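I have placed the structure first, in the form of structure tokens, so that the comments after it can refer back to it.
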Amino acid sequence: PQATTINITNSQGIQIGDHNVQHIASSLIGLVEKIESTNASGQEKAAAKGLLRELISNPAVAAVLGSATSGVLALLG
């Protein structure tokens with residue numbers, strides 16, 4: 001494997017690593033926020049968030065996303 005040199009100066013919000021997992025977690029958080037802001041009934045919102053919670057809690061999905069699931073699960077309550 002080839003070594004990579006990274007030089008960072010005067011920057012914020014830097015991520016080095018697996019961008020895909022962070023992007024998925026960010027998208028799921030955005031989905032939860034959009035569910036909350038929709039005009040759907042409380043029961044429909046709860047059902048949607050329940051389905052999302054079930055997906056994220058699936059062992060295979062949790063293994064792929066790793067610790068990224070904890071922030072989303074916290075938003076789901």
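Scheme for the structure tokens: letters A, B, ... for chains in order shown; per-chain residue numbers from 1; ligand numbers from 1 in order shown.
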**Item:** Sel. of helix (DSSP H, G or I) residues, chain A, as a ChimeraX atom specification
**Value:** /A:19-37,42-57,59-65,68-76
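Here CA of Leu28 (chain A) is placed at a distance of 6.7 Å from CA of Val72 (chain A).
Between CA of Pro59 (chain A) and CA of Ala74 (chain A) the interatomic distance comes to 17.1 Å.
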